[in-house]
>>> print(open('data_1.txt').read())   # compact mmCIF, C-alpha atoms
# COMPACT_ATOMS: atom_id res chain seq x y z
CA MET P 559 77.44 107.42 101.94
CA ILE P 560 81.21 107.21 101.90
CA SER P 561 83.58 109.26 104.08
CA GLU P 562 87.14 110.05 103.07
CA LEU P 563 90.23 109.99 105.21
CA ILE P 564 93.05 112.32 104.18
CA VAL P 565 96.34 112.31 106.07
CA MET P 566 99.35 114.53 105.39
CA THR P 567 102.59 113.43 107.02
CA PHE P 568 105.62 115.60 107.75
CA LYS P 569 109.18 115.26 108.90
CA GLY P 570 109.42 117.37 112.03
CA GLU P 571 107.03 117.74 114.92
CA GLY P 572 105.77 121.20 113.90
CA GLY P 573 104.88 120.55 110.25
CA ALA P 574 101.27 119.56 110.82
CA ARG P 575 100.61 122.52 113.13
CA ARG P 576 102.11 124.98 110.60
CA VAL P 577 99.94 123.62 107.78
CA TYR P 578 96.81 123.60 109.95
CA ASP P 579 97.43 127.24 110.90
CA ALA P 580 98.20 128.18 107.28
CA LEU P 581 94.97 126.57 106.06
CA GLN P 582 93.07 128.69 108.56
CA ALA P 583 94.86 131.82 107.34
CA LEU P 584 94.30 130.98 103.64
CA ALA P 585 90.55 130.75 103.98
CA GLU P 586 88.41 133.89 103.95
CA ALA P 587 86.15 132.11 106.41
CA PRO P 588 87.33 129.23 108.59
CA LEU P 589 87.48 126.01 106.59
CA ALA P 590 84.67 123.71 107.62
CA CYS P 591 86.94 120.69 107.07
CA LEU P 592 89.17 121.86 109.92
CA ASP P 593 86.33 120.87 112.25
CA CYS P 594 87.04 117.29 111.21
CA ALA P 595 90.82 117.53 111.63
CA ALA P 596 93.37 116.37 114.16
CA ILE P 597 97.09 116.87 114.59
CA VAL P 598 99.29 113.97 115.64
CA THR P 599 102.89 114.44 116.70
CA GLU P 600 105.59 112.04 117.71
CA ASP P 601 108.54 113.64 119.46
CA SER P 602 112.18 112.54 119.43
CA MET P 603 111.52 110.28 122.44
CA GLY P 604 108.58 108.53 120.74
CA GLN P 605 105.88 110.28 122.82
CA VAL P 606 102.69 110.73 120.83
CA GLY P 607 100.48 113.79 121.06
CA PHE P 608 96.92 114.09 119.69
CA ASP P 609 95.16 117.41 119.25
CA HIS P 610 91.58 117.77 118.03
CA GLU P 611 91.11 121.39 118.93
CA ARG P 612 88.12 122.84 117.11
CA GLN P 613 84.68 122.30 118.54
CA PRO P 614 82.06 122.04 115.81
CA PRO P 615 78.47 122.79 116.77
CA GLU P 616 76.36 120.35 118.76
CA GLY P 617 79.17 118.15 120.06
CA ALA P 618 80.36 116.79 116.71
CA GLY P 619 83.94 117.46 117.85
CA VAL P 620 83.86 114.55 120.28
CA VAL P 621 82.35 112.30 117.61
CA ASN P 622 84.94 113.18 114.96
CA GLY P 623 87.70 113.25 117.57
CA GLN P 624 86.88 109.74 118.74
CA LEU P 625 87.00 108.35 115.21
CA LEU P 626 90.22 110.23 114.46
CA GLY P 627 91.71 109.00 117.74
CA ILE P 628 90.97 105.38 116.90
CA LEU P 629 92.40 105.82 113.38
CA THR P 630 95.46 107.45 114.93
CA ASP P 631 95.94 104.40 117.16
CA LEU P 632 95.80 102.16 114.09
CA ILE P 633 98.22 104.34 112.13
CA LEU P 634 100.71 104.45 115.00
CA GLY P 635 100.49 100.71 115.52
CA VAL P 636 98.69 100.65 118.87
CA PRO P 637 97.61 97.02 119.20
CA ARG P 638 94.11 96.74 117.76
CA ASP P 639 94.55 93.62 115.67
CA GLU P 640 90.90 92.60 115.91
CA LEU P 641 89.75 96.05 114.78
CA ALA P 642 92.27 96.08 111.92
CA CYS P 643 90.90 92.73 110.71
CA THR P 644 87.32 93.97 111.03
CA LEU P 645 88.14 97.11 109.06
CA SER P 646 89.88 95.06 106.39
CA ASP P 647 86.84 92.79 106.13
CA ALA P 648 84.68 95.92 105.78
CA GLY P 649 86.72 97.11 102.79
CA PHE P 650 89.13 99.52 104.48
CA ASP P 651 92.49 99.76 102.71
CA ALA P 652 95.01 98.24 105.14
CA GLU P 653 97.84 99.40 102.87
CA PHE P 654 96.76 102.96 103.58
CA LEU P 655 97.47 102.46 107.29
CA THR P 656 100.78 100.80 106.52
CA GLY P 657 101.80 103.64 104.18
CA VAL P 658 100.98 106.34 106.71
CA ALA P 659 102.62 104.40 109.56
CA ALA P 660 105.80 104.07 107.50
CA ARG P 661 106.00 107.87 107.29
CA MET P 662 105.58 108.32 111.05
CA GLY P 663 108.34 107.90 113.64
CA ASN P 664 110.43 110.01 115.95
CA SER P 665 110.17 113.75 115.24
CA THR P 666 107.25 113.55 112.83
CA SER P 667 103.74 114.90 112.63
CA ALA P 668 100.57 114.28 110.69
CA LEU P 669 97.42 116.19 109.91
CA LEU P 670 94.32 113.97 109.67
CA PHE P 671 91.06 114.98 108.03
CA LEU P 672 87.90 112.91 108.33
CA MET P 673 85.75 114.10 105.43
CA ARG P 674 82.29 112.84 106.29
CA PRO P 675 79.54 113.01 103.63
CA ASP P 676 77.93 115.96 105.43
CA CYS P 677 81.19 117.93 105.59
CA ALA P 678 80.94 121.32 103.87
CA CYS P 679 84.52 121.14 102.57
CA ASP P 680 85.35 119.47 99.24
CA ALA P 681 88.00 116.74 99.56
CA ASP P 682 89.54 117.50 96.15
CA GLU P 683 89.88 121.19 97.06
CA LEU P 684 91.48 120.24 100.36
CA VAL P 685 94.03 117.99 98.64
CA GLU P 686 94.78 120.80 96.18
CA ALA P 687 95.38 123.21 99.08
CA LEU P 688 97.59 120.64 100.83
CA SER P 689 99.72 120.32 97.68
CA LEU P 690 101.05 123.82 98.43
CA PHE P 691 102.90 122.44 101.45
CA LYS P 692 105.81 120.06 101.85
CA GLY P 693 104.51 116.78 103.11
CA ARG P 694 103.07 113.55 101.81
CA VAL P 695 99.34 113.25 101.20
CA HIS P 696 97.65 109.90 101.81
CA ARG P 697 94.00 109.49 100.85
CA THR P 698 91.47 106.68 101.13
CA THR P 699 87.75 106.09 101.42
CA LEU P 700 86.03 104.96 104.59
CA LEU P 701 83.05 102.82 103.65
CA PRO P 702 79.98 102.87 105.93
CA GLU P 703 80.80 99.34 107.15
CA ALA P 704 84.32 100.41 108.17
CA GLU P 705 83.03 103.53 109.89
CA ALA P 706 80.49 101.40 111.77
CA ALA P 707 83.35 99.14 112.94
CA LEU P 708 85.19 102.21 114.22
CA TRP P 709 82.11 103.29 116.16
CA LYS P 710 82.11 99.97 117.99
CA ALA P 711 85.76 100.35 119.08
CA PRO P 712 86.53 102.11 122.36
CA GLY P 713 88.18 105.51 121.77
CA ARG P 714 91.47 105.77 123.62
CA HIS P 715 91.83 109.44 122.71
CA ALA P 716 88.19 110.52 122.99
CA GLU P 717 88.68 112.12 126.39
CA ARG P 718 91.41 114.35 124.95
CA CYS P 719 89.09 115.96 122.40
CA LEU P 720 87.77 119.38 123.27
>>> encode(input="data_1.txt", output="structure tokens")
Amino acid sequence: MISELIVMTFKGEGGARRVYDALQALAEAPLACLDCAAIVTEDSMGQVGFDHERQPPEGAGVVNGQLLGILTDLILGVPRDELACTLSDAGFDAEFLTGVAARMGNSTSALLFLMRPDCACDADELVEALSLFKGRVHRTTLLPEAEAALWKAPGRHAERCL
């Protein structure tokens, strides 16, 4: 089954946090897709922050957080050339990473959603909700082969996930 990766980028460090909080407030019940979300910020000095704050049941937060952390590394250009080639060979859209990376820089933020096949949230509904906010939506599929390649990569940010 195919996962989807949805990233919304913002000018300003607080944009992703505001949208994340607004999505929580818009939902009658907490959005299940927020369990598979992370916030990435880059401040004016180029320092990167990664926040995967919701803990889904049975430890899935660490699992999703590790994958999101590795994808964040790739988006922000952390050297992982071998992994990037492996992902490309597995059918992952390298232009997606380039497009998101081009929108990141000093004083920016991004909201990442890993929509796994078992996620209770509908990706199209999420994109529709995101269209209410100012930011740029980037969307791609994550084929099983690409996800397997991510699993084999060490997670630099995994220890920062709650």
>>> atom_distance(input="data_1.txt", atom1="atom CA of Ala704 of chain P", atom2="atom CA of Leu669 of chain P")
20.6 Å
>>> closest_residue(input="data_1.txt", among="P:Ile633, P:Leu701, P:Leu626, P:Cys594", to="Gly657 of chain P", atoms="all atoms listed in the file")
P:Ile633
>>> residues_near_point(input="data_1.txt", point="(110.6, 116.9, 113.7)", cutoff="7 Å", atoms="all atoms listed in the file", output="list in words")
Lys569, Gly570, Glu571, Gly572, Asp601, Ser665 and Thr666 of chain P
>>> closest_residue(input="data_1.txt", among="P:Gly573, P:Leu563, P:Ala580, P:His610", to="Ala687 of chain P", atoms="all atoms listed in the file")
P:Ala580
>>> axis_aligned_box(input="data_1.txt", around="segment 678-693 of chain P", padding_each_side="4 Å", output="lines of an AutoDock Vina configuration file")
center_x = 93.4
center_y = 120.3
center_z = 100.0
size_x = 32.9
size_y = 15.1
size_z = 15.7
>>> atom_distance(input="data_1.txt", atom1="atom CA of Glu653 of chain P", atom2="atom CA of Glu705 of chain P")
16.9 Å
>>> residues_around(input="data_1.txt", residues="Ala642 of chain P", least_positions_apart="4", cutoff="12 Å", atoms="only C-alpha atoms", output="PyMOL selection string")
chain P and resi 628-629+631-633+635-638+646-656+704+707-708+711
>>> closest_residue(input="data_1.txt", among="P:Thr698, P:Asn664, P:Thr630, P:Thr644", to="Ile597 of chain P", atoms="all atoms listed in the file")
P:Thr630
>>> atom_distance(input="data_1.txt", atom1="atom CA of Leu684 of chain P", atom2="atom CA of Leu645 of chain P")
24.9 Å
>>> closest_residue(input="data_1.txt", among="P:Ala574, P:Met559, P:Ala595, P:Leu581", to="Glu683 of chain P", atoms="only C-alpha atoms")
P:Leu581
>>> closest_residue(input="data_1.txt", among="P:Met566, P:Val685, P:Met603, P:Cys679", to="Ser667 of chain P", atoms="only C-alpha atoms")
P:Met566
>>> closest_residue(input="data_1.txt", among="P:Gly627, P:Gly693, P:Gly663, P:Pro675", to="Arg576 of chain P", atoms="all atoms listed in the file")
P:Gly693
